[in-house]
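Below is one structure, written out as structure tokens; comments come after it.
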Amino acid sequence: VTLVGTALHIRIGPLDPAHLNDPNHIRQLIDSLYLTAQQQTGLPPIDLIADYTGGTKSMTAGMVLACSQPNRNLQYLASEYNEQKHIVRSQLMQIVLSYRIKAIKRSKQAGA
């Protein structure tokens with residue numbers, strides 16, 4: 001992670017194939033990117049944006065988990081296509097996560 005002017009450059013290598021479909025591993029990687037960016041450049045999480053455009057399902061799930069913390073911005077690029085499947089318009093879409101946690105009642109299973 002390096003800061004060049006006002007742009008943050010992050011060099012990312014290939015994922016270990018054993019972890020390609022592990023959202024928790026992806027979450028840990030993204031958490032470490034936020035930590036590294038803050039330690040090396042002083043940038044707080046609110047100044048970064050995580051974009052899951054083009055990621056696999058597991059990557060998207062891991063990124064959403066990592067960005068469920070306050071002050072972590074999340075976005076994706078939404079595109080519209082014509083009949084020839086060419087992009088005719090794109091727009092960045094901000095994702096705002098909002099949730100409430102509540103206890104669930106467990107029912108007794110038959111025979112248990």
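Ligands are numbered from 1 in the order shown, residues from 1 within each chain, and chains are lettered A, B, ... in the order they appear in the structure tokens.
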### Task
For region 55-63 of chain A, please output as a ChimeraX atom specification all residues within 7 Å (counting only C-alpha atoms; exclusion window: fewer than 6 positions along the same chain).
/A:21-24,26-27,30
May I have the residues within 12 Å of Pro70 (chain A) as a PDB file with C-alpha atoms, in the first residue's frame, using only C-alpha atoms and disregarding those fewer than 6 positions away in the same chain?
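What follows is the written file selection-v4.pdb:
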```pdb
ATOM      1  CA  PRO A  44      -8.962   6.319   8.082  1.00  0.00           C
ATOM      2  CA  PRO A  45     -11.454   3.718   6.754  1.00  0.00           C
ATOM      3  CA  ILE A  46     -14.002   6.422   5.900  1.00  0.00           C
ATOM      4  CA  VAL A  64     -19.721  -7.179   2.421  1.00  0.00           C
ATOM      5  CA  VAL A  96     -25.490   1.347   2.612  1.00  0.00           C
ATOM      6  CA  LEU A  97     -25.633  -1.586   4.983  1.00  0.00           C
ATOM      7  CA  SER A  98     -28.231  -1.380   7.711  1.00  0.00           C
ATOM      8  CA  TYR A  99     -29.196  -4.221   9.960  1.00  0.00           C
TER       9      TYR A  99
END
```
### Query
If you count only C-alpha atoms, which residues fall within 10 Å of Leu48 (chain A), apart from same-chain ones fewer than 5 positions away, as JSON, numbers by chain?
{"A": [8, 34, 37, 38, 43, 71, 72, 73, 74]}
### Task
Would you kindly return, as a list of chain:residue names, each protein, DNA or RNA residue with an atom no farther than 12 Å from any atom of region 75-81 of chain A, considering only C-alpha atoms and excluding same-chain residues fewer than 3 positions away?
A:Leu48, A:Ile49, A:Ala50, A:Asp51, A:Tyr52, A:Thr53, A:Gly54, A:Gly55, A:Thr60, A:Met63, A:Val64, A:Cys67, A:Arg72, A:Gln84, A:Lys85, A:His86, A:Ile87, A:Val88, A:Arg89, A:Ser90, A:Gln91, A:Leu92, A:Met93, A:Gln94, A:Ile95, A:Val96, A:Leu97
Give the strand (DSSP E) residues of chain A, as assigned by DSSP on the backbone, as an mmCIF file with N, CA and C atoms, in the first residue's frame.
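Output saved as part08.cif:
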```
data_model
loop_
_atom_site.group_PDB
_atom_site.id
_atom_site.type_symbol
_atom_site.label_atom_id
_atom_site.label_comp_id
_atom_site.auth_asym_id
_atom_site.auth_seq_id
_atom_site.Cartn_x
_atom_site.Cartn_y
_atom_site.Cartn_z
ATOM 1 N N THR A 2 0.700 2.130 -0.965
ATOM 2 C CA THR A 2 1.460 3.375 -1.008
ATOM 3 C C THR A 2 0.530 4.520 -1.379
ATOM 4 N N LEU A 3 0.822 5.684 -0.866
ATOM 5 C CA LEU A 3 0.061 6.878 -1.172
ATOM 6 C C LEU A 3 0.866 7.696 -2.175
ATOM 7 N N VAL A 4 0.274 7.948 -3.361
ATOM 8 C CA VAL A 4 0.926 8.724 -4.409
ATOM 9 C C VAL A 4 0.036 9.935 -4.676
ATOM 10 N N ALA A 7 -3.818 9.645 -4.420
ATOM 11 C CA ALA A 7 -4.289 8.306 -4.778
ATOM 12 C C ALA A 7 -3.585 7.241 -3.948
ATOM 13 N N LEU A 8 -4.344 6.303 -3.467
ATOM 14 C CA LEU A 8 -3.798 5.177 -2.721
ATOM 15 C C LEU A 8 -3.622 4.017 -3.684
ATOM 16 N N HIS A 9 -2.407 3.510 -3.790
ATOM 17 C CA HIS A 9 -2.126 2.383 -4.670
ATOM 18 C C HIS A 9 -1.967 1.125 -3.825
ATOM 19 N N ILE A 49 -12.882 3.272 -0.297
ATOM 20 C CA ILE A 49 -14.104 2.662 -0.831
ATOM 21 C C ILE A 49 -13.761 1.273 -1.340
ATOM 22 N N ALA A 50 -14.500 0.285 -0.880
ATOM 23 C CA ALA A 50 -14.344 -1.081 -1.372
ATOM 24 C C ALA A 50 -15.362 -1.291 -2.487
ATOM 25 N N ASP A 51 -14.908 -1.800 -3.613
ATOM 26 C CA ASP A 51 -15.766 -1.999 -4.783
ATOM 27 C C ASP A 51 -15.765 -3.480 -5.147
ATOM 28 N N ASN A 73 -16.935 2.267 3.423
ATOM 29 C CA ASN A 73 -17.794 2.484 2.258
ATOM 30 C C ASN A 73 -17.732 1.303 1.300
ATOM 31 N N LEU A 74 -18.857 1.036 0.674
ATOM 32 C CA LEU A 74 -18.984 -0.100 -0.236
ATOM 33 C C LEU A 74 -19.718 0.373 -1.488
ATOM 34 N N GLN A 75 -19.252 -0.091 -2.655
ATOM 35 C CA GLN A 75 -19.905 0.285 -3.899
ATOM 36 C C GLN A 75 -19.727 -0.803 -4.950
ATOM 37 N N TYR A 76 -20.501 -0.680 -6.044
ATOM 38 C CA TYR A 76 -20.301 -1.518 -7.221
ATOM 39 C C TYR A 76 -20.667 -0.694 -8.448
ATOM 40 N N LEU A 77 -20.238 -1.154 -9.608
ATOM 41 C CA LEU A 77 -20.526 -0.462 -10.863
ATOM 42 C C LEU A 77 -21.693 -1.173 -11.545
ATOM 43 N N ALA A 78 -22.818 -0.476 -11.639
ATOM 44 C CA ALA A 78 -23.996 -1.024 -12.316
ATOM 45 C C ALA A 78 -23.951 -0.598 -13.775
ATOM 46 N N SER A 79 -24.158 -1.540 -14.677
ATOM 47 C CA SER A 79 -24.094 -1.230 -16.112
ATOM 48 C C SER A 79 -25.371 -1.672 -16.816
ATOM 49 N N GLU A 80 -25.727 -0.918 -17.839
ATOM 50 C CA GLU A 80 -26.831 -1.287 -18.719
ATOM 51 C C GLU A 80 -26.232 -1.693 -20.062
ATOM 52 N N TYR A 81 -26.830 -2.714 -20.691
ATOM 53 C CA TYR A 81 -26.304 -3.263 -21.941
ATOM 54 C C TYR A 81 -27.342 -3.140 -23.049
ATOM 55 N N ILE A 87 -21.846 -2.310 -23.237
ATOM 56 C CA ILE A 87 -22.257 -1.389 -22.180
ATOM 57 C C ILE A 87 -22.645 -0.058 -22.806
ATOM 58 N N VAL A 88 -23.836 0.412 -22.467
ATOM 59 C CA VAL A 88 -24.290 1.711 -22.977
ATOM 60 C C VAL A 88 -24.272 2.780 -21.884
ATOM 61 N N ARG A 89 -24.283 2.349 -20.627
ATOM 62 C CA ARG A 89 -24.244 3.310 -19.524
ATOM 63 C C ARG A 89 -23.825 2.579 -18.255
ATOM 64 N N SER A 90 -23.025 3.261 -17.449
ATOM 65 C CA SER A 90 -22.601 2.711 -16.167
ATOM 66 C C SER A 90 -22.761 3.776 -15.095
ATOM 67 N N GLN A 91 -23.008 3.311 -13.880
ATOM 68 C CA GLN A 91 -23.162 4.228 -12.760
ATOM 69 C C GLN A 91 -22.644 3.553 -11.501
ATOM 70 N N LEU A 92 -21.839 4.299 -10.727
ATOM 71 C CA LEU A 92 -21.380 3.780 -9.439
ATOM 72 C C LEU A 92 -22.543 3.824 -8.463
ATOM 73 N N MET A 93 -22.738 2.705 -7.779
ATOM 74 C CA MET A 93 -23.837 2.591 -6.823
ATOM 75 C C MET A 93 -23.269 2.412 -5.416
ATOM 76 N N GLN A 94 -23.607 3.342 -4.537
ATOM 77 C CA GLN A 94 -23.174 3.226 -3.150
ATOM 78 C C GLN A 94 -24.092 2.239 -2.436
ATOM 79 N N ILE A 95 -23.501 1.382 -1.615
ATOM 80 C CA ILE A 95 -24.254 0.419 -0.840
ATOM 81 C C ILE A 95 -24.222 0.862 0.620
#
```
### All alpha helix (DSSP H) positions in chain A, as a PyMOL selection string
chain A and resi 23-41+57-66
Let's have the selection written as a short mmCIF file (atom, residue, chain, number, x, y, z; two decimals), in the first residue's frame, with N, CA, C and O atoms.
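Wrote again-v7.cif, looks like this:
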```
data_model
loop_
_atom_site.label_atom_id
_atom_site.label_comp_id
_atom_site.auth_asym_id
_atom_site.auth_seq_id
_atom_site.Cartn_x
_atom_site.Cartn_y
_atom_site.Cartn_z
N PRO A 23 -15.37 -16.90 2.06
CA PRO A 23 -15.67 -15.50 2.35
C PRO A 23 -14.98 -14.98 3.61
O PRO A 23 -14.62 -13.81 3.67
N ASN A 24 -14.77 -15.84 4.60
CA ASN A 24 -14.10 -15.38 5.82
C ASN A 24 -12.64 -15.03 5.55
O ASN A 24 -12.11 -14.09 6.13
N HIS A 25 -11.99 -15.77 4.68
CA HIS A 25 -10.61 -15.45 4.31
C HIS A 25 -10.56 -14.11 3.57
O HIS A 25 -9.69 -13.28 3.83
N ILE A 26 -11.50 -13.91 2.66
CA ILE A 26 -11.58 -12.65 1.92
C ILE A 26 -11.82 -11.50 2.90
O ILE A 26 -11.20 -10.44 2.80
N ARG A 27 -12.71 -11.69 3.87
CA ARG A 27 -12.97 -10.66 4.87
C ARG A 27 -11.69 -10.32 5.62
O ARG A 27 -11.39 -9.14 5.83
N GLN A 28 -10.92 -11.33 6.00
CA GLN A 28 -9.67 -11.09 6.72
C GLN A 28 -8.68 -10.31 5.85
O GLN A 28 -7.99 -9.41 6.35
N LEU A 29 -8.60 -10.63 4.56
CA LEU A 29 -7.71 -9.89 3.65
C LEU A 29 -8.11 -8.42 3.55
O LEU A 29 -7.27 -7.53 3.59
N ILE A 30 -9.40 -8.19 3.43
CA ILE A 30 -9.87 -6.81 3.30
C ILE A 30 -9.66 -6.05 4.61
O ILE A 30 -9.24 -4.89 4.60
N ASP A 31 -9.92 -6.71 5.74
CA ASP A 31 -9.63 -6.08 7.03
C ASP A 31 -8.16 -5.69 7.12
O ASP A 31 -7.83 -4.60 7.59
N SER A 32 -7.28 -6.55 6.64
CA SER A 32 -5.84 -6.25 6.70
C SER A 32 -5.49 -5.09 5.76
O SER A 32 -4.59 -4.30 6.06
N LEU A 33 -6.19 -4.96 4.62
CA LEU A 33 -5.95 -3.82 3.73
C LEU A 33 -6.32 -2.51 4.42
O LEU A 33 -5.59 -1.52 4.32
N TYR A 34 -7.44 -2.50 5.10
CA TYR A 34 -7.84 -1.28 5.83
C TYR A 34 -6.81 -0.94 6.90
O TYR A 34 -6.42 0.22 7.05
N LEU A 35 -6.36 -1.94 7.64
CA LEU A 35 -5.38 -1.71 8.69
C LEU A 35 -4.05 -1.21 8.11
O LEU A 35 -3.47 -0.24 8.60
N THR A 36 -3.58 -1.86 7.05
CA THR A 36 -2.33 -1.46 6.42
C THR A 36 -2.42 -0.04 5.87
O THR A 36 -1.49 0.76 6.03
N ALA A 37 -3.52 0.29 5.23
CA ALA A 37 -3.70 1.64 4.68
C ALA A 37 -3.65 2.67 5.80
O ALA A 37 -3.01 3.72 5.64
N GLN A 38 -4.26 2.38 6.93
CA GLN A 38 -4.25 3.34 8.03
C GLN A 38 -2.85 3.45 8.65
O GLN A 38 -2.38 4.54 8.93
N GLN A 39 -2.19 2.32 8.82
CA GLN A 39 -0.86 2.33 9.43
C GLN A 39 0.18 2.99 8.54
O GLN A 39 1.03 3.74 9.01
N GLN A 40 0.15 2.72 7.24
CA GLN A 40 1.20 3.20 6.35
C GLN A 40 0.93 4.59 5.77
O GLN A 40 1.87 5.28 5.38
N THR A 41 -0.34 4.97 5.68
CA THR A 41 -0.64 6.27 5.06
C THR A 41 -1.42 7.20 5.98
O THR A 41 -1.58 8.37 5.65
N LYS A 57 -18.75 -14.65 -6.12
CA LYS A 57 -19.73 -14.63 -5.03
C LYS A 57 -19.05 -14.63 -3.67
O LYS A 57 -19.43 -13.89 -2.77
N SER A 58 -18.02 -15.44 -3.52
CA SER A 58 -17.31 -15.50 -2.24
C SER A 58 -16.56 -14.20 -1.96
O SER A 58 -16.51 -13.75 -0.80
N MET A 59 -15.99 -13.61 -2.98
CA MET A 59 -15.31 -12.32 -2.80
C MET A 59 -16.30 -11.25 -2.38
O MET A 59 -16.02 -10.45 -1.48
N THR A 60 -17.45 -11.22 -3.03
CA THR A 60 -18.47 -10.24 -2.69
C THR A 60 -18.95 -10.44 -1.26
O THR A 60 -19.06 -9.48 -0.49
N ALA A 61 -19.22 -11.68 -0.88
CA ALA A 61 -19.67 -11.97 0.48
C ALA A 61 -18.62 -11.53 1.50
O ALA A 61 -18.95 -10.89 2.51
N GLY A 62 -17.37 -11.83 1.25
CA GLY A 62 -16.30 -11.44 2.16
C GLY A 62 -16.15 -9.93 2.26
O GLY A 62 -15.93 -9.39 3.34
N MET A 63 -16.30 -9.24 1.13
CA MET A 63 -16.20 -7.79 1.13
C MET A 63 -17.36 -7.16 1.89
O MET A 63 -17.18 -6.21 2.65
N VAL A 64 -18.56 -7.69 1.70
CA VAL A 64 -19.72 -7.18 2.42
C VAL A 64 -19.54 -7.40 3.92
O VAL A 64 -19.81 -6.51 4.73
N LEU A 65 -19.05 -8.57 4.31
CA LEU A 65 -18.78 -8.82 5.73
C LEU A 65 -17.76 -7.83 6.28
O LEU A 65 -17.94 -7.27 7.36
N ALA A 66 -16.68 -7.59 5.55
CA ALA A 66 -15.64 -6.67 6.00
C ALA A 66 -16.17 -5.24 6.08
O ALA A 66 -15.75 -4.48 6.95
#
```
